[in-house]
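In what follows, a single structure is set out as structure tokens and then discussed.
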Amino acid sequence: MLTRLRELRDLNGKLVLITGASSGLGKLVAYEVAARGANVVLCARNLKALRKVADKCKEISQTDAYVVELDVSDPDAIDRQLTHVLQDIGSVDILVNSAGFGIFESFQKFDMDKAENMFRVNVLGLMYVTQKIAQQMIDSGRGQIFNIASVAGKIATPKSTIYSATKFAVIGFSNALRLELRPLGIQVTTVNPGPMDTNFFKRSETSSKYFESVKFLALSPEKVTHQITNAMGYPRREINAPAYMEAIHRGYELFPKLGDRLASSSLFNRK
């Protein structure tokens, strides 16, 4: 049922919509798909930063780059803005759900208003965007959706309770959605990176301190970007980076007691 998926291997002239495109992984994906000839729709709250990304995409591709001011925590804004995209710009071939954030604190001290907001952005916002675009992809008979989750959605560690919960939810949602959409010609690919050297951890002082403690493990965001763009047009189920984290996850499932001890050790409890 995914015979038309291979049409997306050539990104020239394809329309790629990216949330969280003003910075980090979303921005880098925008640059790389633009370099491969794609037209990009860049979505985020920071309009000034988005315009800079769009200008660079245009310079790279010599083709169109569209800017959409979008708060993915607002369902009404998602419906309104994406309706405009589909009506005024065209059908989306590839969706990259990159919007998200993390706060790393002990649960007993966690501000639950922040927890609710994290779920609205990381989980519900992703779902609203995906539903809107997937409906159009079904009509087109092809498409690919990349949901940026995290290794934290497979291996939970101390002080990542809320963040891990959101990413476990994204992975579970993606796994079920993959089964629903595959017969309709749409591929769902989950991306599970470990810590990356981006501005993701600059949102709060606590997150910044956490990143400094795990910086030696940090992935190159450019490498993850290549893995994502190289998977476009292919029936790739998951991208796990670094690859050894998937082996650790498998071991965790087989030996959960040992996994708990390792996950709570000083190596993983640096937040």
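Ordered as shown in the structure tokens, chains take letters A, B, and onward, while each chain numbers its residues from 1 and ligands are numbered from 1 in the order shown.
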
Any chance you could list, as a PyMOL selection string, the residues in range 18-267 of chain A that come up helix (DSSP H, G or I) when DSSP is run on the backbone? chain A and resi 24-35+47-61+75-89+107-109+112-140+151-153+161-184+199-202+205-217+221-230+244-254+256-263

What are the nearest atom pairs, with distances in Å to one decimal, for all residues of range 138-199 of chain A that come at most 9 Å from range 88-104 of chain A, using only C-alpha atoms, set out by chain and rising residue number as CSV?
```
residue,atom,partner,partner_atom,distance
A:Ser140,CA,A:Ser91,CA,7.8
A:Arg142,CA,A:Asp93,CA,7.3
A:Gly143,CA,A:Asp93,CA,5.0
A:Gln144,CA,A:Ile94,CA,4.9
A:Ile145,CA,A:Leu95,CA,4.8
A:Phe146,CA,A:Val96,CA,4.7
A:Asn147,CA,A:Asn97,CA,5.0
A:Ile148,CA,A:Ser98,CA,5.4
A:Ala149,CA,A:Ser98,CA,8.4
A:Pro158,CA,A:Phe104,CA,8.7
A:Lys159,CA,A:Phe104,CA,5.2
A:Ser160,CA,A:Phe104,CA,5.3
A:Thr161,CA,A:Phe104,CA,7.9
A:Ile162,CA,A:Ile103,CA,7.9
A:Tyr163,CA,A:Gly102,CA,5.6
A:Ser164,CA,A:Gly102,CA,9.0
```

Near Ser73 in chain A, counting only C-alpha atoms, which residues have an atom at most 10 Å away, once you skip same-chain residues fewer than 5 positions from it, shown as an MDAnalysis selection string? chainID A and resid 78 99:100 117:126 128

For the structure I just gave you, how does DSSP split range 20-263 of chain A - specifically, which residues are strand (DSSP E or B)? Reply as a JSON list (two decimals) with C-alpha atoms, in the first residue's frame.
```json
[["chain", "number", "residue", "atom", "x", "y", "z"],
["A", 39, "ASN", "CA", 9.39, 23.84, -0.86],
["A", 40, "VAL", "CA", 9.12, 24.34, 2.89],
["A", 41, "VAL", "CA", 6.35, 25.52, 5.20],
["A", 42, "LEU", "CA", 8.01, 26.69, 8.41],
["A", 43, "CYS", "CA", 5.86, 26.78, 11.55],
["A", 44, "ALA", "CA", 6.73, 28.17, 15.00],
["A", 65, "ALA", "CA", 9.72, 28.98, 1.63],
["A", 66, "TYR", "CA", 6.57, 29.88, 3.55],
["A", 67, "VAL", "CA", 6.32, 31.19, 7.10],
["A", 68, "VAL", "CA", 3.39, 30.34, 9.39],
["A", 69, "GLU", "CA", 3.23, 31.79, 12.90],
["A", 94, "ILE", "CA", 5.94, 15.30, 4.26],
["A", 95, "LEU", "CA", 5.20, 16.46, 7.81],
["A", 96, "VAL", "CA", 7.97, 16.81, 10.39],
["A", 97, "ASN", "CA", 6.60, 17.31, 13.92],
["A", 143, "GLY", "CA", 2.62, 11.04, 2.49],
["A", 144, "GLN", "CA", 5.09, 10.59, 5.29],
["A", 145, "ILE", "CA", 4.95, 11.81, 8.87],
["A", 146, "PHE", "CA", 8.03, 12.15, 11.08],
["A", 147, "ASN", "CA", 7.29, 12.47, 14.79],
["A", 148, "ILE", "CA", 10.28, 13.64, 16.82],
["A", 186, "ILE", "CA", 1.08, 6.98, 4.49],
["A", 187, "GLN", "CA", 4.26, 6.12, 6.38],
["A", 188, "VAL", "CA", 4.76, 7.16, 10.01],
["A", 189, "THR", "CA", 8.37, 7.31, 11.19],
["A", 190, "THR", "CA", 9.35, 7.95, 14.81],
["A", 191, "VAL", "CA", 12.65, 9.69, 15.56],
["A", 192, "ASN", "CA", 14.22, 8.96, 18.96],
["A", 193, "PRO", "CA", 17.36, 11.02, 19.47],
["A", 196, "MET", "CA", 21.67, 16.88, 20.99],
["A", 219, "LEU", "CA", 24.77, 13.97, 19.39],
["A", 238, "GLU", "CA", 12.06, 4.26, 13.60],
["A", 239, "ILE", "CA", 15.26, 6.25, 13.70],
["A", 240, "ASN", "CA", 17.18, 5.72, 16.94],
["A", 241, "ALA", "CA", 20.21, 7.88, 17.54]]
```

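Here CA of Ile133 in chain A stands at a distance of 28.5 Å from CA of Asp113 in chain A.
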
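Of note, CA of Ser23 in chain A and CA of Lys52 in chain A are spaced 10.3 Å apart.
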
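Distance-wise, CA of Arg9 in chain A and CA of Arg236 in chain A end up 12.3 Å apart.
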
May I ask which of the residues A:Thr63, A:Gln135, A:Gln87, A:Thr19 is the closest one to Ala38 in chain A, counting only C-alpha atoms? A:Thr63

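Between Asn175 in chain A and the candidates A:Leu8, A:Arg237, A:Val224, A:Lys132, the tightest atom-to-atom separation, counting only C-alpha atoms, involves A:Arg237.
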